[in-house]
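Structure file final-v2.pdb (PDB, C-alpha atoms) is printed below.
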```pdb
ATOM      1  CA  MET A 875      10.186 -18.069 -20.589
ATOM      2  CA  LYS A 876      13.215 -16.777 -18.665
ATOM      3  CA  TYR A 877      13.463 -19.550 -16.059
ATOM      4  CA  THR A 878      12.263 -23.092 -15.444
ATOM      5  CA  LYS A 879       9.896 -23.655 -12.527
ATOM      6  CA  LYS A 880      12.746 -25.268 -10.601
ATOM      7  CA  GLU A 881      14.916 -22.199 -11.145
ATOM      8  CA  SER A 882      12.009 -19.923 -10.255
ATOM      9  CA  ARG A 883      11.445 -21.704  -6.943
ATOM     10  CA  ALA A 884      15.137 -21.336  -6.144
ATOM     11  CA  ILE A 885      15.004 -17.618  -6.960
ATOM     12  CA  MET A 886      11.906 -17.128  -4.785
ATOM     13  CA  GLU A 887      13.462 -19.325  -2.054
ATOM     14  CA  ILE A 888      10.389 -21.518  -1.647
ATOM     15  CA  PRO A 889      10.040 -25.327  -1.436
ATOM     16  CA  ILE A 890       8.727 -27.540  -4.253
ATOM     17  CA  ASN A 891       5.410 -28.202  -2.485
ATOM     18  CA  SER A 892       4.528 -24.498  -2.142
ATOM     19  CA  THR A 893       0.955 -23.533  -2.991
ATOM     20  CA  LYS A 894      -0.032 -20.458  -4.985
ATOM     21  CA  GLU A 895      -1.003 -18.835  -1.695
ATOM     22  CA  ASP A 896       2.519 -19.490  -0.371
ATOM     23  CA  ILE A 897       3.955 -17.917  -3.513
ATOM     24  CA  GLU A 898       1.667 -14.880  -3.165
ATOM     25  CA  LYS A 899       2.722 -14.422   0.485
ATOM     26  CA  ARG A 900       6.394 -14.678  -0.394
ATOM     27  CA  TYR A 901       6.034 -12.163  -3.213
ATOM     28  CA  ASP A 902       4.116  -9.834  -0.884
ATOM     29  CA  VAL A 903       7.207  -9.785   1.349
ATOM     30  CA  VAL A 904       9.403  -9.043  -1.680
ATOM     31  CA  LEU A 905       7.129  -6.149  -2.723
ATOM     32  CA  LYS A 906       7.036  -4.617   0.773
ATOM     33  CA  LYS A 907      10.809  -4.853   1.158
ATOM     34  CA  HIS A 908      11.282  -3.220  -2.276
ATOM     35  CA  ARG A 909       8.806  -0.451  -1.396
ATOM     36  CA  GLN A 910      10.498   0.195   1.974
ATOM     37  CA  MET A 911      13.914   0.466   0.303
ATOM     38  CA  LYS A 912      12.434   3.066  -2.063
ATOM     39  CA  ILE A 913      11.011   5.012   0.889
ATOM     40  CA  ASP A 914      14.314   4.826   2.784
ATOM     41  CA  GLY A 915      16.333   5.748  -0.319
ATOM     42  CA  THR A 916      18.430   2.578   0.042
ATOM     43  CA  LEU A 917      17.396   0.905  -3.209
ATOM     44  CA  THR A 918      20.540  -0.084  -5.121
ATOM     45  CA  LYS A 919      20.902  -1.199  -8.725
ATOM     46  CA  GLU A 920      21.620  -4.750  -7.507
ATOM     47  CA  ALA A 921      18.503  -4.739  -5.306
ATOM     48  CA  GLU A 922      16.381  -3.495  -8.225
ATOM     49  CA  GLU A 923      17.753  -6.252 -10.466
ATOM     50  CA  ASP A 924      17.093  -8.858  -7.759
ATOM     51  CA  PHE A 925      13.524  -7.554  -7.404
ATOM     52  CA  GLN A 926      12.944  -7.840 -11.167
ATOM     53  CA  LYS A 927      14.403 -11.360 -11.133
ATOM     54  CA  LYS A 928      12.043 -12.395  -8.322
ATOM     55  CA  THR A 929       9.138 -10.758 -10.158
ATOM     56  CA  ASP A 930       9.876 -12.818 -13.294
ATOM     57  CA  ALA A 931      10.138 -15.991 -11.201
ATOM     58  CA  TYR A 932       6.854 -15.171  -9.444
ATOM     59  CA  ARG A 933       5.025 -14.721 -12.765
ATOM     60  CA  ILE A 934       6.322 -18.057 -14.013
ATOM     61  CA  LEU A 935       5.287 -19.931 -10.860
ATOM     62  CA  MET A 936       1.830 -18.304 -10.912
ATOM     63  CA  GLY A 937       1.360 -19.317 -14.558
ATOM     64  CA  TYR A 938       1.303 -15.790 -15.937
ATOM     65  CA  GLU A 939       4.114 -16.568 -18.403
ATOM     66  CA  VAL A 940       3.457 -19.638 -20.556
ATOM     67  CA  GLU A 941       5.022 -20.776 -23.820
ATOM     68  CA  GLU A 942       2.381 -21.385 -26.478
ATOM     69  CA  PRO A 943       2.847 -23.682 -29.512
ATOM     70  CA  LYS A 944       3.167 -21.847 -32.774
ATOM     71  CA  VAL A 945       0.066 -22.199 -34.967
ATOM     72  CA  PRO A 946       0.595 -21.140 -38.587
ATOM     73  CA  LYS A 947      -2.158 -19.002 -40.030
ATOM     74  CA  LYS A 948      -2.751 -16.681 -42.929
ATOM     75  CA  GLU A 949      -1.475 -13.153 -42.459
ATOM     76  CA  THR A 950      -4.270 -10.590 -42.154
ATOM     77  CA  TYR A 951      -4.444  -6.822 -42.373
ATOM     78  CA  VAL A 952      -4.313  -6.693 -38.562
ATOM     79  CA  ASP A 953      -1.094  -8.765 -38.629
ATOM     80  CA  LYS A 954       0.400  -6.316 -41.130
ATOM     81  CA  ALA A 955      -0.604  -3.409 -38.898
ATOM     82  CA  PHE A 956       1.218  -4.997 -35.964
ATOM     83  CA  VAL A 957       4.299  -5.515 -38.142
ATOM     84  CA  LYS A 958       4.269  -1.866 -39.245
ATOM     85  CA  ALA A 959       3.982  -0.845 -35.596
ATOM     86  CA  GLY A 960       6.982  -3.033 -34.767
ATOM     87  CA  MET A 961       4.942  -5.289 -32.463
ATOM     88  CA  ASP A 962       4.521  -9.068 -32.214
ATOM     89  CA  ARG A 963       0.781  -9.725 -32.371
ATOM     90  CA  LYS A 964       1.003 -13.131 -30.694
ATOM     91  CA  LYS A 965       3.005 -11.818 -27.777
ATOM     92  CA  ALA A 966       0.605  -8.920 -27.411
ATOM     93  CA  GLY A 967      -2.341 -11.340 -27.457
ATOM     94  CA  ASN A 968      -0.726 -13.602 -24.872
ATOM     95  CA  PHE A 969       0.076 -10.631 -22.664
ATOM     96  CA  PHE A 970      -3.510  -9.351 -22.647
ATOM     97  CA  TYR A 971      -4.902 -12.860 -22.129
ATOM     98  CA  TYR A 972      -2.772 -13.796 -19.139
ATOM     99  CA  TYR A 973      -2.734 -10.342 -17.582
ATOM    100  CA  LYS A 974      -6.329  -9.316 -18.236
ATOM    101  CA  TYR A 975      -7.238  -9.096 -14.547
ATOM    102  CA  HIS A 976      -4.016  -7.301 -13.689
ATOM    103  CA  ILE A 977      -4.623  -4.904 -16.568
ATOM    104  CA  LEU A 978      -8.179  -4.268 -15.345
ATOM    105  CA  VAL A 979      -6.964  -3.475 -11.829
ATOM    106  CA  THR A 980      -4.156  -1.332 -13.254
ATOM    107  CA  ILE A 981      -6.638   0.618 -15.400
ATOM    108  CA  ILE A 982      -8.796   1.228 -12.332
ATOM    109  CA  VAL A 983      -5.766   2.396 -10.351
ATOM    110  CA  ILE A 984      -4.688   4.652 -13.242
ATOM    111  CA  ILE A 985      -8.182   6.153 -13.361
ATOM    112  CA  ILE A 986      -8.007   6.812  -9.608
ATOM    113  CA  ILE A 987      -4.558   8.372  -9.937
ATOM    114  CA  ALA A 988      -5.636  10.414 -12.976
ATOM    115  CA  ALA A 989      -8.686  11.652 -11.077
ATOM    116  CA  SER A 990      -6.466  12.611  -8.144
ATOM    117  CA  ILE A 991      -4.030  14.428 -10.460
ATOM    118  CA  TYR A 992      -6.892  16.258 -12.155
ATOM    119  CA  SER A 993      -8.232  17.253  -8.751
ATOM    120  CA  ILE A 994      -4.823  18.605  -7.714
ATOM    121  CA  VAL A 995      -4.386  20.545 -10.967
ATOM    122  CA  THR A 996      -7.838  22.134 -10.867
ATOM    123  CA  LYS A 997      -7.893  22.928  -7.152
ATOM    124  CA  VAL A 998      -5.796  24.978  -4.785
ATOM    125  CA  LYS A 999      -2.659  23.141  -3.682
ATOM    126  CA  PRO A1000      -3.333  21.800  -0.160
ATOM    127  CA  ASP A1001      -1.145  22.890   2.748
ATOM    128  CA  ILE A1002      -1.373  19.362   4.116
ATOM    129  CA  THR A1003      -2.869  16.102   2.881
ATOM    130  CA  ILE A1004      -4.519  13.609   5.221
ATOM    131  CA  GLY A1005      -5.214   9.965   4.445
ATOM    132  CA  VAL A1006      -8.383   8.565   6.041
ATOM    133  CA  LEU A1007      -8.430   4.769   5.715
ATOM    134  CA  GLY A1008     -10.940   2.434   7.313
ATOM    135  CA  GLU A1009     -14.709   2.624   7.617
ATOM    136  CA  VAL A1010     -14.892   6.153   6.199
ATOM    137  CA  HIS A1011     -18.005   8.302   6.638
ATOM    138  CA  GLU A1012     -17.787  10.271   3.395
ATOM    139  CA  GLN A1013     -20.642  12.604   4.340
ATOM    140  CA  MET A1014     -18.467  14.075   7.094
ATOM    141  CA  THR A1015     -15.321  14.805   5.051
ATOM    142  CA  ASP A1016     -16.183  18.427   4.206
ATOM    143  CA  THR A1017     -17.009  19.218   7.849
ATOM    144  CA  PHE A1018     -13.765  17.491   8.865
ATOM    145  CA  LYS A1019     -11.685  19.722   6.576
ATOM    146  CA  GLN A1020     -13.520  22.887   7.580
ATOM    147  CA  LYS A1021     -12.945  22.226  11.283
ATOM    148  CA  ILE A1022      -9.205  21.776  10.685
ATOM    149  CA  THR A1023      -8.830  25.075   8.784
ATOM    150  CA  LYS A1024     -10.887  26.840  11.458
ATOM    151  CA  ASN A1025      -8.600  25.632  14.277
ATOM    152  CA  ILE A1026      -5.227  25.930  12.509
ATOM    153  CA  PRO A1027      -4.895  29.297  10.666
ATOM    154  CA  GLU A1028      -1.712  28.171   8.868
ATOM    155  CA  ILE A1029      -3.740  25.537   7.048
ATOM    156  CA  LYS A1030      -5.850  27.207   4.354
ATOM    157  CA  GLU A1031      -6.558  24.106   2.277
ATOM    158  CA  VAL A1032      -6.744  20.459   3.368
ATOM    159  CA  GLY A1033      -6.191  17.647   0.902
ATOM    160  CA  LEU A1034      -7.991  14.400   1.683
ATOM    161  CA  GLU A1035      -7.405  10.839   0.447
ATOM    162  CA  THR A1036     -10.087   8.385   1.599
ATOM    163  CA  VAL A1037     -10.135   4.594   1.253
ATOM    164  CA  MET A1038     -12.854   2.269   2.523
ATOM    165  CA  LEU A1039     -11.072  -0.713   4.113
ATOM    166  CA  SER A1040     -12.620  -3.033   6.684
ATOM    167  CA  ASP A1041     -12.396  -6.607   7.921
ATOM    168  CA  ARG A1042     -16.031  -6.442   9.039
ATOM    169  CA  ILE A1043     -17.591  -5.423   5.722
ATOM    170  CA  ASN A1044     -17.618  -7.725   2.688
ATOM    171  CA  ASP A1045     -17.045  -5.304  -0.190
ATOM    172  CA  PRO A1046     -16.602  -6.639  -3.771
ATOM    173  CA  ASN A1047     -14.352  -3.648  -4.511
ATOM    174  CA  SER A1048     -11.932  -4.390  -1.653
ATOM    175  CA  SER A1049      -9.065  -5.375  -3.993
ATOM    176  CA  MET A1050      -9.374  -2.026  -5.781
ATOM    177  CA  TYR A1051      -9.339  -0.175  -2.456
ATOM    178  CA  ILE A1052      -6.217  -2.084  -1.354
ATOM    179  CA  GLN A1053      -4.503  -1.023  -4.590
ATOM    180  CA  LYS A1054      -5.436   2.601  -3.916
ATOM    181  CA  ALA A1055      -4.102   2.337  -0.351
ATOM    182  CA  MET A1056      -0.788   1.017  -1.699
ATOM    183  CA  VAL A1057      -0.554   4.021  -4.030
ATOM    184  CA  ILE A1058      -1.204   6.421  -1.130
ATOM    185  CA  PHE A1059       1.433   4.815   1.085
ATOM    186  CA  ALA A1060       4.037   4.381  -1.662
ATOM    187  CA  ALA A1061       3.764   7.333  -4.004
ATOM    188  CA  SER A1062       1.607  10.180  -2.720
ATOM    189  CA  ASN A1063       2.351  13.302  -0.663
ATOM    190  CA  THR A1064       0.101  12.188   2.178
ATOM    191  CA  ASP A1065       1.972  12.693   5.458
ATOM    192  CA  VAL A1066      -0.769  12.294   8.094
ATOM    193  CA  PHE A1067      -3.099   9.329   8.457
ATOM    194  CA  LEU A1068      -6.298   8.708  10.357
ATOM    195  CA  LEU A1069      -6.723   4.941  10.459
ATOM    196  CA  SER A1070      -8.808   2.102  11.800
ATOM    197  CA  LYS A1071      -6.986  -0.522  13.889
ATOM    198  CA  TYR A1072      -7.393  -2.983  10.988
ATOM    199  CA  VAL A1073      -5.531  -0.678   8.580
ATOM    200  CA  PHE A1074      -2.915   0.287  11.166
ATOM    201  CA  ASP A1075      -2.051  -3.376  11.818
ATOM    202  CA  ARG A1076      -1.853  -4.053   8.086
ATOM    203  CA  TYR A1077       0.899  -1.476   7.444
ATOM    204  CA  ALA A1078       2.567  -0.483  10.738
ATOM    205  CA  TYR A1079       4.668  -3.623  11.200
ATOM    206  CA  ASP A1080       6.212  -3.107   7.749
ATOM    207  CA  GLY A1081       7.555   0.342   8.623
ATOM    208  CA  ALA A1082       5.039   2.638   6.914
ATOM    209  CA  PHE A1083       4.855   5.074   9.840
ATOM    210  CA  MET A1084       7.110   7.295  11.946
ATOM    211  CA  ALA A1085       7.656   6.591  15.655
ATOM    212  CA  MET A1086       5.542   9.104  17.628
ATOM    213  CA  ASP A1087       7.233   8.889  21.060
ATOM    214  CA  ASP A1088       9.164  12.178  20.749
ATOM    215  CA  VAL A1089       6.268  14.027  19.097
ATOM    216  CA  ALA A1090       3.867  12.979  21.865
ATOM    217  CA  LYS A1091       6.411  14.011  24.519
ATOM    218  CA  ASP A1092       7.068  17.425  22.945
ATOM    219  CA  LEU A1093       3.348  18.129  22.572
ATOM    220  CA  LYS A1094       2.571  16.754  26.055
ATOM    221  CA  ILE A1095       0.039  14.309  24.623
ATOM    222  CA  ASP A1096      -1.205  11.693  27.086
ATOM    223  CA  THR A1097      -0.519   8.354  25.368
ATOM    224  CA  LYS A1098      -1.614   5.957  28.131
ATOM    225  CA  SER A1099      -4.610   4.838  26.068
ATOM    226  CA  SER A1100      -2.272   4.287  23.095
ATOM    227  CA  ASP A1101       0.074   1.769  24.723
ATOM    228  CA  TYR A1102      -1.510  -1.000  22.628
ATOM    229  CA  LEU A1103      -0.122   0.756  19.527
ATOM    230  CA  LYS A1104       3.499   0.274  20.602
ATOM    231  CA  LEU A1105       5.287  -2.249  18.406
ATOM    232  CA  LYS A1106       8.567  -3.240  16.814
ATOM    233  CA  VAL A1107       8.866  -2.796  13.042
ATOM    234  CA  VAL A1108       9.690  -6.063  11.286
ATOM    235  CA  GLU A1109      12.876  -6.368   9.231
ATOM    236  CA  GLU A1110      12.018  -9.767   7.716
ATOM    237  CA  TRP A1111       9.216 -12.332   8.010
ATOM    238  CA  ASN A1112       9.307 -16.141   8.102
ATOM    239  CA  LEU A1113       6.779 -17.541   5.642
ATOM    240  CA  PRO A1114       4.980 -20.708   6.806
ATOM    241  CA  LYS A1115       4.884 -23.809   4.618
ATOM    242  CA  ASN A1116       1.286 -24.392   5.635
ATOM    243  CA  PRO A1117      -0.935 -21.665   4.088
ATOM    244  CA  ASN A1118      -3.301 -21.882   7.072
ATOM    245  CA  GLU A1119      -0.554 -20.769   9.436
ATOM    246  CA  LYS A1120       0.372 -17.135  10.056
ATOM    247  CA  ARG A1121       3.729 -15.683   9.129
ATOM    248  CA  THR A1122       6.198 -15.190  11.971
ATOM    249  CA  VAL A1123       8.926 -12.637  12.589
ATOM    250  CA  LYS A1124      12.456 -13.473  11.504
ATOM    251  CA  SER A1125      14.081 -10.184  12.572
ATOM    252  CA  TYR A1126      13.097  -6.719  13.815
ATOM    253  CA  LYS A1127      14.317  -3.237  12.901
ATOM    254  CA  ASP A1128      13.499  -1.928  16.386
ATOM    255  CA  SER A1129      15.262  -3.204  19.478
ATOM    256  CA  GLU A1130      12.414  -2.002  21.717
ATOM    257  CA  PRO A1131       8.713  -1.296  21.029
ATOM    258  CA  LYS A1132       7.959   2.250  19.881
ATOM    259  CA  LEU A1133       4.755   4.235  19.634
ATOM    260  CA  TYR A1134       3.757   4.236  15.954
ATOM    261  CA  GLY A1135       0.224   5.545  16.443
ATOM    262  CA  ILE A1136      -1.867   7.636  18.849
ATOM    263  CA  ASP A1137      -5.422   6.640  19.712
ATOM    264  CA  VAL A1138      -7.611   9.718  19.171
ATOM    265  CA  THR A1139     -10.953   7.893  19.222
ATOM    266  CA  ASN A1140     -12.256   9.793  22.245
ATOM    267  CA  SER A1141     -10.806  13.168  21.259
ATOM    268  CA  LYS A1142     -13.086  16.188  21.660
ATOM    269  CA  PHE A1143     -12.263  17.148  18.071
ATOM    270  CA  PHE A1144     -14.154  14.135  16.690
ATOM    271  CA  LYS A1145     -17.295  14.394  18.834
ATOM    272  CA  ASP A1146     -19.181  16.270  16.111
ATOM    273  CA  VAL A1147     -16.977  15.096  13.207
ATOM    274  CA  ASP A1148     -17.255  11.303  13.140
ATOM    275  CA  VAL A1149     -15.328  10.933   9.872
ATOM    276  CA  LEU A1150     -14.071   7.422  10.699
ATOM    277  CA  GLY A1151     -15.356   4.587  12.847
ATOM    278  CA  PRO A1152     -15.327   2.743  15.129
ATOM    279  CA  GLU A1153     -11.765   3.666  16.234
ATOM    280  CA  LYS A1154      -9.457   6.458  15.109
ATOM    281  CA  ILE A1155      -5.665   6.123  15.148
ATOM    282  CA  LEU A1156      -3.375   9.020  14.243
ATOM    283  CA  ALA A1157      -0.206   7.983  12.385
ATOM    284  CA  VAL A1158       2.486   9.880  10.459
ATOM    285  CA  ARG A1159       4.328   8.736   7.353
ATOM    286  CA  ALA A1160       7.923   7.680   7.837
ATOM    287  CA  LYS A1161      10.104  10.698   6.962
ATOM    288  CA  PRO A1162       7.306  13.306   6.622
ATOM    289  CA  LYS A1163       7.824  16.604   4.775
ATOM    290  CA  ASN A1164       6.176  19.234   7.002
ATOM    291  CA  LEU A1165       6.661  18.180  10.605
ATOM    292  CA  GLU A1166       5.671  21.584  12.017
ATOM    293  CA  LEU A1167       2.159  21.457  10.555
ATOM    294  CA  ILE A1168       1.884  17.763  11.430
ATOM    295  CA  GLN A1169       2.625  18.521  15.089
ATOM    296  CA  LYS A1170      -0.132  21.159  15.180
ATOM    297  CA  LEU A1171      -2.542  18.710  13.585
ATOM    298  CA  ALA A1172      -1.530  15.964  16.040
ATOM    299  CA  LYS A1173      -2.149  18.282  18.992
ATOM    300  CA  LEU A1174      -5.572  19.257  17.574
ATOM    301  CA  PHE A1175      -6.635  15.642  17.035
ATOM    302  CA  ALA A1176      -5.306  14.381  20.376
ATOM    303  CA  ASN A1177      -6.955  16.973  22.638
TER     304      ASN A1177
END
```
Transcribe the structure of this file into structure tokens.
Amino acid sequence: MKYTKKESRAIMEIPINSTKEDIEKRYDVVLKKHRQMKIDGTLTKEAEEDFQKKTDAYRILMGYEVEEPKVPKKETYVDKAFVKAGMDRKKAGNFFYYYKYHILVTIIVIIIIAASIYSIVTKVKPDITIGVLGEVHEQMTDTFKQKITKNIPEIKEVGLETVMLSDRINDPNSSMYIQKAMVIFAASNTDVFLLSKYVFDRYAYDGAFMAMDDVAKDLKIDTKSSDYLKLKVVEEWNLPKNPNEKRTVKSYKDSEPKLYGIDVTNSKFFKDVDVLGPEKILAVRAKPKNLELIQKLAKLFAN
């Protein structure tokens, strides 16, 4: 064990009476800040070390790292195999015991990523990849892609990443879908997103998307119906001591609200291609790669 619980609380900057939910919320902030620094390219060696330190403290406070009493037992052939492999069997056993659920989720995520990689390797490289997150209508995805390539000649192949996420549907696989969404936002080449309001609210305030004010102005897109999507990206959150209370803003990155999404729910494009419901919000990844194609796609979706 690297730290005592007292030291771990000090590292995580949480009070002694914090619940596990408080700890989870605090660590969620740490993860998002670390991910944003990676996206912005501002992650320093000191910040990485501080993140690892907080991660170790979090695991200790959540009970994932526990010292077990040594129990002498007769060495078996399996023990000898571990020795030959240069591994400590007890530590390996403890790791799998305390991290079994994390390992299961990780395996699922790896399978998803592997499937995505296989799909990319065996198919034509897409000209643009779109993330559709919310109450996805999978039966419409092929029609959705075909309509895009028909209207934008420069786009020959459309990549699509779909994730079913909803606050209205109780899905036992929701934790797996959230993990997949995190992978899409943090590590994929997806630049354009079609989102439900629930998903937009979940990620927009943490700086996942690019401000669309200039794009909308250049493309002469009417954004009056999108005023409710103007917001200020949060720099840091205040975590409540009471788990029933909501977190509050400590500081903002934006001095004034900006348009981080465009409501395309009533667009003519989606009248016969209802790929997502009930609402459709167009958003663009912060620092996208192919802004020219994205602008053409935005104009197509918004009209």
Requested in this report: Check what the PyMOL selection byres ((chain A and resi 1030) around 12) selects in the file above and give those residues as a list in words.
Outcome: Val998, Lys999, Pro1000, Asp1001, Ile1002, Thr1003, Lys1019, Gln1020, Lys1021, Ile1022, Thr1023, Lys1024, Asn1025, Ile1026, Pro1027, Glu1028, Ile1029, Glu1031, Val1032, Gly1033 and Leu1167 of chain A
Query raised in the report: Which residues, written as a list in words, have at least one atom at most 12 Å from Asp914 (chain A), with all atoms listed in the file counted and residues fewer than 6 positions away on the same chain left out?
Result: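 The residues satisfying every condition are Lys907, His908, Ala1060, Gly1081, Ala1082, Phe1083, Met1084, Arg1159, Ala1160, Lys1161 and Pro1162 of chain A.
Going from CA of Met936 (chain A) over to CA of Thr1122 (chain A), you cover 23.5 Å.
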Query raised in the report: For the file shown, what are the residues hit by the PyMOL selection byres ((chain A and resi 979-983) around 12), laid out as a ChimeraX atom specification?
Result: /A:973-978,984-990,1047-1058
**Report entry** Gap from CA of Val1073 (chain A) to CA of Pro1114 (chain A) - Å, one decimal
**Finding:**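 Distance between the two atoms: 22.7 Å.
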Requested in this report: Record the distance separating CA of Asp896 (chain A) and CA of Glu881 (chain A), expressed in Å with one decimal.
Outcome: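 Value for the CA of Asp896 (chain A)-CA of Glu881 (chain A) distance: 16.6 Å.
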Report task. Pick out the closest residue to Glu1009 (chain A) from this set: A:Tyr877, A:Tyr1126, A:Phe1143, A:Tyr1072. Count all atoms listed in the file. Result ->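 For Glu1009 (chain A), the nearest of the candidates is A:Tyr1072.
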Query - Selection dump of the PyMOL selection byres ((chain A and resi 1136) around 7), as a ChimeraX atom specification - result: /A:1097,1100,1135,1137-1138,1155-1157
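Remark: residues at most 12 Å from position (-3.4, -5.7, 7.1) in file coordinates are Asp902, Leu1007, Gly1008, Leu1039, Ser1040, Asp1041, Ile1052, Ala1055, Met1056, Leu1069, Ser1070, Lys1071, Tyr1072, Val1073, Phe1074, Asp1075, Arg1076, Tyr1077, Ala1078, Tyr1079, Asp1080 and Ala1082 of chain A, using all atoms listed in the file.
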